Amino acid sequence: MSIEHLHRIFSPSSMAILGAGDTPGRNILANLLSGGFKGRLYPVCREGQEVAGLQVWPDFKSIVDSVDLAVLAVSFDRLPAAVDACGQAGIRSALIPARAPPRQGGFEQIATQARYAGVRLIGPRSWGIVNPWVNLNAALGREMPLRGQLAVISQSAAICAAVLDLSLSKQIGLSQLIGLGDMLDIDCADVLDYMATHSGVRAILIHLEQIINVRKFISAARAASRIKPVVVLKTGRAQPDDPGAVTPTARLIHTDAIYDAAFKRAGIIRVDTVGDLFDCGDLLSKQPRPRGSNLAIISNARSPGIMAVDFLYERDLQPTALSPDTLAALDRILLSSWNRQNPIIIRGELSAETYRQLMEVCQAAPEIDGTLIIVAPQFLSNPLEVAGLVTSAVSVRLKPVFAVWLGGKGLEAGRRVLDEAGIPTYDAPETAVRAFLHLNDYDHNLKLLQQIPRKMPERFVINQARARKIIDSALQREMPLLTRLESLSLLEAYDLPTVSAEVARNTEEVLNLADRWGYPVTLMPLARHIGNVSAAGKSGTELHDAADVRTAMLRHLECSRAYPPGAETTDVVVQPAIGRPDFEFRLASRLVSPFGPVILFGCGGIGTEVIMDQAIGLPPLNRLLAGRILEQTRLYRILKDRQGLPPACTPALEEFLSNFSHLITDFPEICEMEISSLLAVGGRVFAATAQAVIAPAQSPSPMHLIISAYPDEYETKAVTKAGVHLFIRPIKPEDAPLLQELWSSLSPRTLYYRFSSPGKTLTPELLVRLTQIDYDREIALIALDTTGSGDRMLGVARLIGQPGDNKAEFAIVIGDPWQGLGVGAKLLSCLAAIALRRKIKNLWGLVLKENRAMLELGRRLGWTLIPDDDPSQVFLQLNLSAVEAPEILDAFGKD
């Protein structure tokens, strides 16, 4: 839903409290008054009740002024009528703090009434809303936190209360504290969207018990984390997994690991405790991002310094090695009174000025990404002076600086000095290091979000019809398990290399296949992979000559008598041996509610379940994302570091995972797909065994994914009136080089018309933002000339809107050499067609009056020109509810 009016909920100028004469309404009103809320307050309660000396109103409709937010502090059975009363009085948002559980069907009745009345809801069972910047305490907690830049969102009233208490005890300010409760309407994704663009919020902290709409949440989180840090405490790690997996590898996919993968994909930092949530958020809101994990530790006592180092080692890290230049600079300051390594252990008491000099050296050292200073009281007679000089040394911070001030009240004044200067202080070395590593995780996740995939040769050829035929055949015969041959054929349809396999009915046919392929060959009883999935995971023994084949077939005939009823067969599956594999991996996917398909990659062979060397990923994948999954496994990292993997194997694995992702993206009927033996042989990768489980799709592709897939339905070919042949499609991350080339063709005039600035620079960050988009939120169409030896981008058009809104902004830029040739008209028509499909009613854009070509194009396409308050620009608008232009309706075919 739209977030357009959420500011009226989180920063209201007027409030009405229904049930203000009873608990909890009376308590919330008291908190509003004691907190100093400056807006208008309207208690609504029974006649004759006196409430805090304020005028009492009998109902919402009797209030003559407009009301931004209503608090519905009444019992559940009165809520539907209360929501209806809000709608009739023109109140569009309400907070529901009701605590008692509703009767059966109560939630649905409230939600239905809210939709009908056009009222947005926070709750039910919400802890409330606190915004200290406007003195708003519409919550169950009595105290008001300090003003700060941390926004905290939680479903739990207990966590909200704990966060409020922590913020007061640690003297850490908040921007917002929001208790969402049952999230009947406004959910975490809505609040994330709002906080992402809020200028008073530098970091967003979230506690989650459940995610109702995972796709919506991940979309909001991906957008927000590109702007500011998002930290999540997701409780419920011990919740049982769905036991319904059929294939062995699919049983290794656990729900909590999926959450980890989803959060990482969205750029979110995950923490384990409420304390971590707060410490991490405080550091993120005050400190710059580190360039890496190289931490310098300064300590005036040995043991605390070693404790910090131990914590690093537990996480496979170590303090950075100090360069010769840094060692020399420290020698000049400390002379012989230090250990000449990191951690920098200071022996004896030093002056406050010395601490300042140490901090300056660490800040200037290129090998150091962050500095932790640990101070123990026994060697410090002037802690306040030290704190002041440390603050002055890092007044301009390019790297994170944080402190551990060990001790009690004697060091409290120093802590306040550091806190006021934006230097977080912690009670223990481990806590401080953990916070720094979370900060580094955020930087790492952000860099991953901003990486540009390399352009690879387009070798991917799919046969979707072949795959569809295999799946439909299984659905028609109501056989959820595909045979081994069918499963391998399904992979082959998506250009996934497999080891050839054929069925032989007797010894003679096996010998004929061996003669055709050459020895060695392997064979496996057909019944093993039809009736027994767990036995289908291993290839048969290699047979090197005709004698081996005859011996194996005799053994097979003897064993076949023991097969269960219905599985008796003398048929065998025969495969050529592809040579001794370099390494064996395994790959699988499984549909897991509410995440959709989940991919697992890991070590293959015997003992997989014991070794547990595996990584989880979420489709859709490109080669860059596939490479990240590989790098999460220990086996791959070891092989890569020791050059034990042929150089060609890495791109082959990346391509295999990417194509595998395409397959499960296109066919939501694939409940499970296991490749238990994925062989790396001489720089190539082959699926030797495969097993697929099929069922009717619960939702169409690609809506079964939680991350929006590339919308190939928006691809089209067009010819402009000037005869230019175009291939129009959505932009991809791999298009970054093409966009750079287009940018170089833009004249200062064109840049000025598009960005109101003639010198707009295409920075790496901007390039990523323009090419890596969330297709659920925006669309960027590119016009390509594919007639030459390589693709050339001629122009780009964008559709940008707020989530859930029915209006969207457009933007377009065409390279100077191709202006006036009809490229812009084709792009705009396609953009309008997409807007129609997405139920957008109004398209608009701001155009400079000087840009006569764009204004003329708008007139020709039937757009309306509306004067703006700024006389230098004009609104160009298209009402899509009344559009009849054939070129728009037919851009991708009529719906």
# chains A, B, ... in the order shown; residues from 1 in each chain; ligands from 1

call {"tool": "select_by_dssp", "arguments": {"residues": "stretch 169-306 of chain A", "states": "alpha helix (DSSP H)", "output": "MDAnalysis selection string"}}
result
chainID A and resid 169 188:196 214:225 255:265 274:286 302:306

call {"tool": "write_last_selection", "arguments": {"atoms": "C-alpha atoms", "output": "tab-separated table (two decimals), in the first residue's frame"}}
result
chain	number	residue	atom	x	y	z
A	169	SER	CA	20.31	3.84	30.49
A	188	CYS	CA	7.42	-3.49	8.67
A	189	ALA	CA	7.97	-3.00	4.93
A	190	ASP	CA	5.73	0.10	4.91
A	191	VAL	CA	7.62	1.65	7.83
A	192	LEU	CA	10.96	0.75	6.22
A	193	ASP	CA	9.95	2.61	3.07
A	194	TYR	CA	8.98	5.64	5.13
A	195	MET	CA	12.13	5.65	7.29
A	196	ALA	CA	14.45	5.12	4.30
A	214	VAL	CA	8.53	-11.70	2.50
A	215	ARG	CA	8.75	-10.35	-1.05
A	216	LYS	CA	7.45	-6.95	0.02
A	217	PHE	CA	9.82	-6.84	3.02
A	218	ILE	CA	12.92	-7.81	1.01
A	219	SER	CA	12.06	-5.24	-1.65
A	220	ALA	CA	11.74	-2.50	0.97
A	221	ALA	CA	14.92	-3.62	2.75
A	222	ARG	CA	16.97	-3.67	-0.48
A	223	ALA	CA	15.87	-0.12	-1.22
A	224	ALA	CA	16.47	1.15	2.32
A	225	SER	CA	19.88	-0.49	2.86
A	255	THR	CA	14.53	-22.00	7.56
A	256	ASP	CA	16.90	-19.91	9.66
A	257	ALA	CA	19.66	-20.27	7.06
A	258	ILE	CA	17.20	-19.00	4.45
A	259	TYR	CA	16.56	-15.89	6.56
A	260	ASP	CA	20.33	-15.35	6.72
A	261	ALA	CA	20.59	-15.59	2.94
A	262	ALA	CA	17.61	-13.29	2.38
A	263	PHE	CA	18.92	-10.65	4.77
A	264	LYS	CA	22.37	-10.77	3.21
A	265	ARG	CA	20.87	-10.45	-0.29
A	274	VAL	CA	18.64	-6.81	21.81
A	275	GLY	CA	21.94	-5.47	23.17
A	276	ASP	CA	23.68	-6.17	19.85
A	277	LEU	CA	20.81	-4.49	18.03
A	278	PHE	CA	21.29	-1.34	20.03
A	279	ASP	CA	25.10	-1.32	20.08
A	280	CYS	CA	25.29	-1.94	16.34
A	281	GLY	CA	22.72	0.73	15.57
A	282	ASP	CA	24.45	3.29	17.76
A	283	LEU	CA	27.78	2.69	16.02
A	284	LEU	CA	26.23	2.75	12.55
A	285	SER	CA	24.42	6.03	13.22
A	286	LYS	CA	27.57	7.80	14.46
A	302	ARG	CA	47.36	-6.10	28.45
A	303	SER	CA	44.40	-8.34	29.33
A	304	PRO	CA	41.60	-6.19	27.82
A	305	GLY	CA	43.64	-5.86	24.62
A	306	ILE	CA	44.09	-9.63	24.41

call {"tool": "residues_around", "arguments": {"residues": "stretch 382-397 of chain A", "least_positions_apart": "6", "cutoff": "9 Å", "atoms": "only C-alpha atoms", "output": "PyMOL selection string"}}
result
chain A and resi 287-288+351-360+363+375+405+410-418+421-423

call {"tool": "closest_residue", "arguments": {"among": "A:Pro124, A:Gly790, A:Gly21, A:Pro429", "to": "A:Phe311", "atoms": "only C-alpha atoms"}}
result
A:Pro429

call {"tool": "residues_around", "arguments": {"residues": "A:Pro229", "least_positions_apart": "3", "cutoff": "8 Å", "atoms": "only C-alpha atoms", "output": "PDB file with all heavy atoms, in the first residue's frame"}}
result
ATOM      1  N   ARG A 202      19.248   8.002  10.659  1.00  0.00           N
ATOM      2  CA  ARG A 202      20.523   7.580  10.071  1.00  0.00           C
ATOM      3  C   ARG A 202      20.685   6.069  10.044  1.00  0.00           C
ATOM      4  O   ARG A 202      21.489   5.545   9.286  1.00  0.00           O
ATOM      5  CB  ARG A 202      21.691   8.205  10.831  1.00  0.00           C
ATOM      6  CG  ARG A 202      21.869   9.686  10.575  1.00  0.00           C
ATOM      7  CD  ARG A 202      23.243  10.163  11.005  1.00  0.00           C
ATOM      8  NE  ARG A 202      24.307   9.474  10.287  1.00  0.00           N
ATOM      9  CZ  ARG A 202      25.607   9.668  10.529  1.00  0.00           C
ATOM     10  NH1 ARG A 202      25.981  10.512  11.482  1.00  0.00           N
ATOM     11  NH2 ARG A 202      26.516   9.020   9.844  1.00  0.00           N
ATOM     12  N   ALA A 203      19.959   5.365  10.887  1.00  0.00           N
ATOM     13  CA  ALA A 203      20.009   3.903  10.896  1.00  0.00           C
ATOM     14  C   ALA A 203      18.660   3.380  11.365  1.00  0.00           C
ATOM     15  O   ALA A 203      17.972   4.022  12.161  1.00  0.00           O
ATOM     16  CB  ALA A 203      21.133   3.383  11.792  1.00  0.00           C
ATOM     17  N   ILE A 204      18.283   2.191  10.852  1.00  0.00           N
ATOM     18  CA  ILE A 204      16.987   1.597  11.154  1.00  0.00           C
ATOM     19  C   ILE A 204      17.210   0.258  11.846  1.00  0.00           C
ATOM     20  O   ILE A 204      17.900  -0.619  11.310  1.00  0.00           O
ATOM     21  CB  ILE A 204      16.160   1.396   9.868  1.00  0.00           C
ATOM     22  CG1 ILE A 204      16.010   2.718   9.108  1.00  0.00           C
ATOM     23  CG2 ILE A 204      14.788   0.809  10.196  1.00  0.00           C
ATOM     24  CD1 ILE A 204      15.438   2.563   7.715  1.00  0.00           C
ATOM     25  N   ALA A 224      16.044   0.369   1.167  1.00  0.00           N
ATOM     26  CA  ALA A 224      16.468   1.152   2.324  1.00  0.00           C
ATOM     27  C   ALA A 224      17.962   0.984   2.608  1.00  0.00           C
ATOM     28  O   ALA A 224      18.650   1.961   2.943  1.00  0.00           O
ATOM     29  CB  ALA A 224      15.654   0.745   3.553  1.00  0.00           C
ATOM     30  N   SER A 225      18.484  -0.241   2.484  1.00  0.00           N
ATOM     31  CA  SER A 225      19.875  -0.486   2.859  1.00  0.00           C
ATOM     32  C   SER A 225      20.863   0.197   1.928  1.00  0.00           C
ATOM     33  O   SER A 225      22.032   0.361   2.279  1.00  0.00           O
ATOM     34  CB  SER A 225      20.157  -1.992   2.905  1.00  0.00           C
ATOM     35  OG  SER A 225      19.992  -2.578   1.629  1.00  0.00           O
ATOM     36  N   ARG A 226      20.441   0.585   0.747  1.00  0.00           N
ATOM     37  CA  ARG A 226      21.311   1.358  -0.143  1.00  0.00           C
ATOM     38  C   ARG A 226      21.455   2.801   0.335  1.00  0.00           C
ATOM     39  O   ARG A 226      22.362   3.517  -0.087  1.00  0.00           O
ATOM     40  CB  ARG A 226      20.764   1.348  -1.568  1.00  0.00           C
ATOM     41  CG  ARG A 226      20.851  -0.007  -2.250  1.00  0.00           C
ATOM     42  CD  ARG A 226      20.219   0.039  -3.629  1.00  0.00           C
ATOM     43  NE  ARG A 226      20.219  -1.255  -4.278  1.00  0.00           N
ATOM     44  CZ  ARG A 226      21.191  -1.719  -5.062  1.00  0.00           C
ATOM     45  NH1 ARG A 226      22.249  -0.951  -5.290  1.00  0.00           N
ATOM     46  NH2 ARG A 226      21.124  -2.907  -5.621  1.00  0.00           N
ATOM     47  N   ILE A 268      21.091  -6.370   4.595  1.00  0.00           N
ATOM     48  CA  ILE A 268      20.733  -6.198   6.005  1.00  0.00           C
ATOM     49  C   ILE A 268      21.803  -6.826   6.890  1.00  0.00           C
ATOM     50  O   ILE A 268      22.391  -7.841   6.564  1.00  0.00           O
ATOM     51  CB  ILE A 268      19.368  -6.879   6.288  1.00  0.00           C
ATOM     52  CG1 ILE A 268      18.239  -6.106   5.599  1.00  0.00           C
ATOM     53  CG2 ILE A 268      19.093  -6.992   7.771  1.00  0.00           C
ATOM     54  CD1 ILE A 268      16.903  -6.811   5.691  1.00  0.00           C
ATOM     55  N   ILE A 269      22.044  -6.218   8.060  1.00  0.00           N
ATOM     56  CA  ILE A 269      22.895  -6.801   9.094  1.00  0.00           C
ATOM     57  C   ILE A 269      21.992  -7.546  10.078  1.00  0.00           C
ATOM     58  O   ILE A 269      21.028  -6.974  10.591  1.00  0.00           O
ATOM     59  CB  ILE A 269      23.683  -5.721   9.850  1.00  0.00           C
ATOM     60  CG1 ILE A 269      24.469  -4.849   8.871  1.00  0.00           C
ATOM     61  CG2 ILE A 269      24.602  -6.337  10.885  1.00  0.00           C
ATOM     62  CD1 ILE A 269      24.956  -3.573   9.491  1.00  0.00           C
ATOM     63  N   LEU A 284      26.534   2.457  13.949  1.00  0.00           N
ATOM     64  CA  LEU A 284      26.226   2.748  12.553  1.00  0.00           C
ATOM     65  C   LEU A 284      25.716   4.169  12.362  1.00  0.00           C
ATOM     66  O   LEU A 284      25.963   4.797  11.331  1.00  0.00           O
ATOM     67  CB  LEU A 284      25.187   1.752  12.033  1.00  0.00           C
ATOM     68  CG  LEU A 284      25.685   0.333  11.773  1.00  0.00           C
ATOM     69  CD1 LEU A 284      24.518  -0.622  11.646  1.00  0.00           C
ATOM     70  CD2 LEU A 284      26.527   0.290  10.512  1.00  0.00           C
ATOM     71  N   TYR A 442      28.057  -4.439   7.272  1.00  0.00           N
ATOM     72  CA  TYR A 442      27.224  -3.518   6.494  1.00  0.00           C
ATOM     73  C   TYR A 442      27.976  -3.003   5.278  1.00  0.00           C
ATOM     74  O   TYR A 442      27.455  -2.972   4.162  1.00  0.00           O
ATOM     75  CB  TYR A 442      26.759  -2.346   7.364  1.00  0.00           C
ATOM     76  CG  TYR A 442      26.084  -1.247   6.568  1.00  0.00           C
ATOM     77  CD1 TYR A 442      24.890  -1.489   5.903  1.00  0.00           C
ATOM     78  CD2 TYR A 442      26.647   0.025   6.467  1.00  0.00           C
ATOM     79  CE1 TYR A 442      24.271  -0.499   5.166  1.00  0.00           C
ATOM     80  CE2 TYR A 442      26.036   1.015   5.733  1.00  0.00           C
ATOM     81  CZ  TYR A 442      24.847   0.747   5.084  1.00  0.00           C
ATOM     82  OH  TYR A 442      24.246   1.736   4.333  1.00  0.00           O
TER      83      TYR A 442
END

call {"tool": "residues_around", "arguments": {"residues": "stretch 631-642 of chain A", "least_positions_apart": "3", "cutoff": "7 Å", "atoms": "only C-alpha atoms", "output": "VMD selection string"}}
result
chain A and resid 602 to 603 613 to 615 627 to 628 645

call {"tool": "atom_distance", "arguments": {"atom1": "atom CA of A:Pro619", "atom2": "atom CA of A:Glu734"}}
result
16.7 Å

call {"tool": "closest_residue", "arguments": {"among": "A:Ile110, A:Asn131, A:Val64, A:Leu600", "to": "A:Gly36", "atoms": "only C-alpha atoms"}}
result
A:Asn131

call {"tool": "residues_around", "arguments": {"residues": "A:Leu32", "least_positions_apart": "3", "cutoff": "6 Å", "atoms": "only C-alpha atoms", "output": "list in words"}}
result
Leu29, Gly35, Phe37, Asn137 and Ala138 of chain A
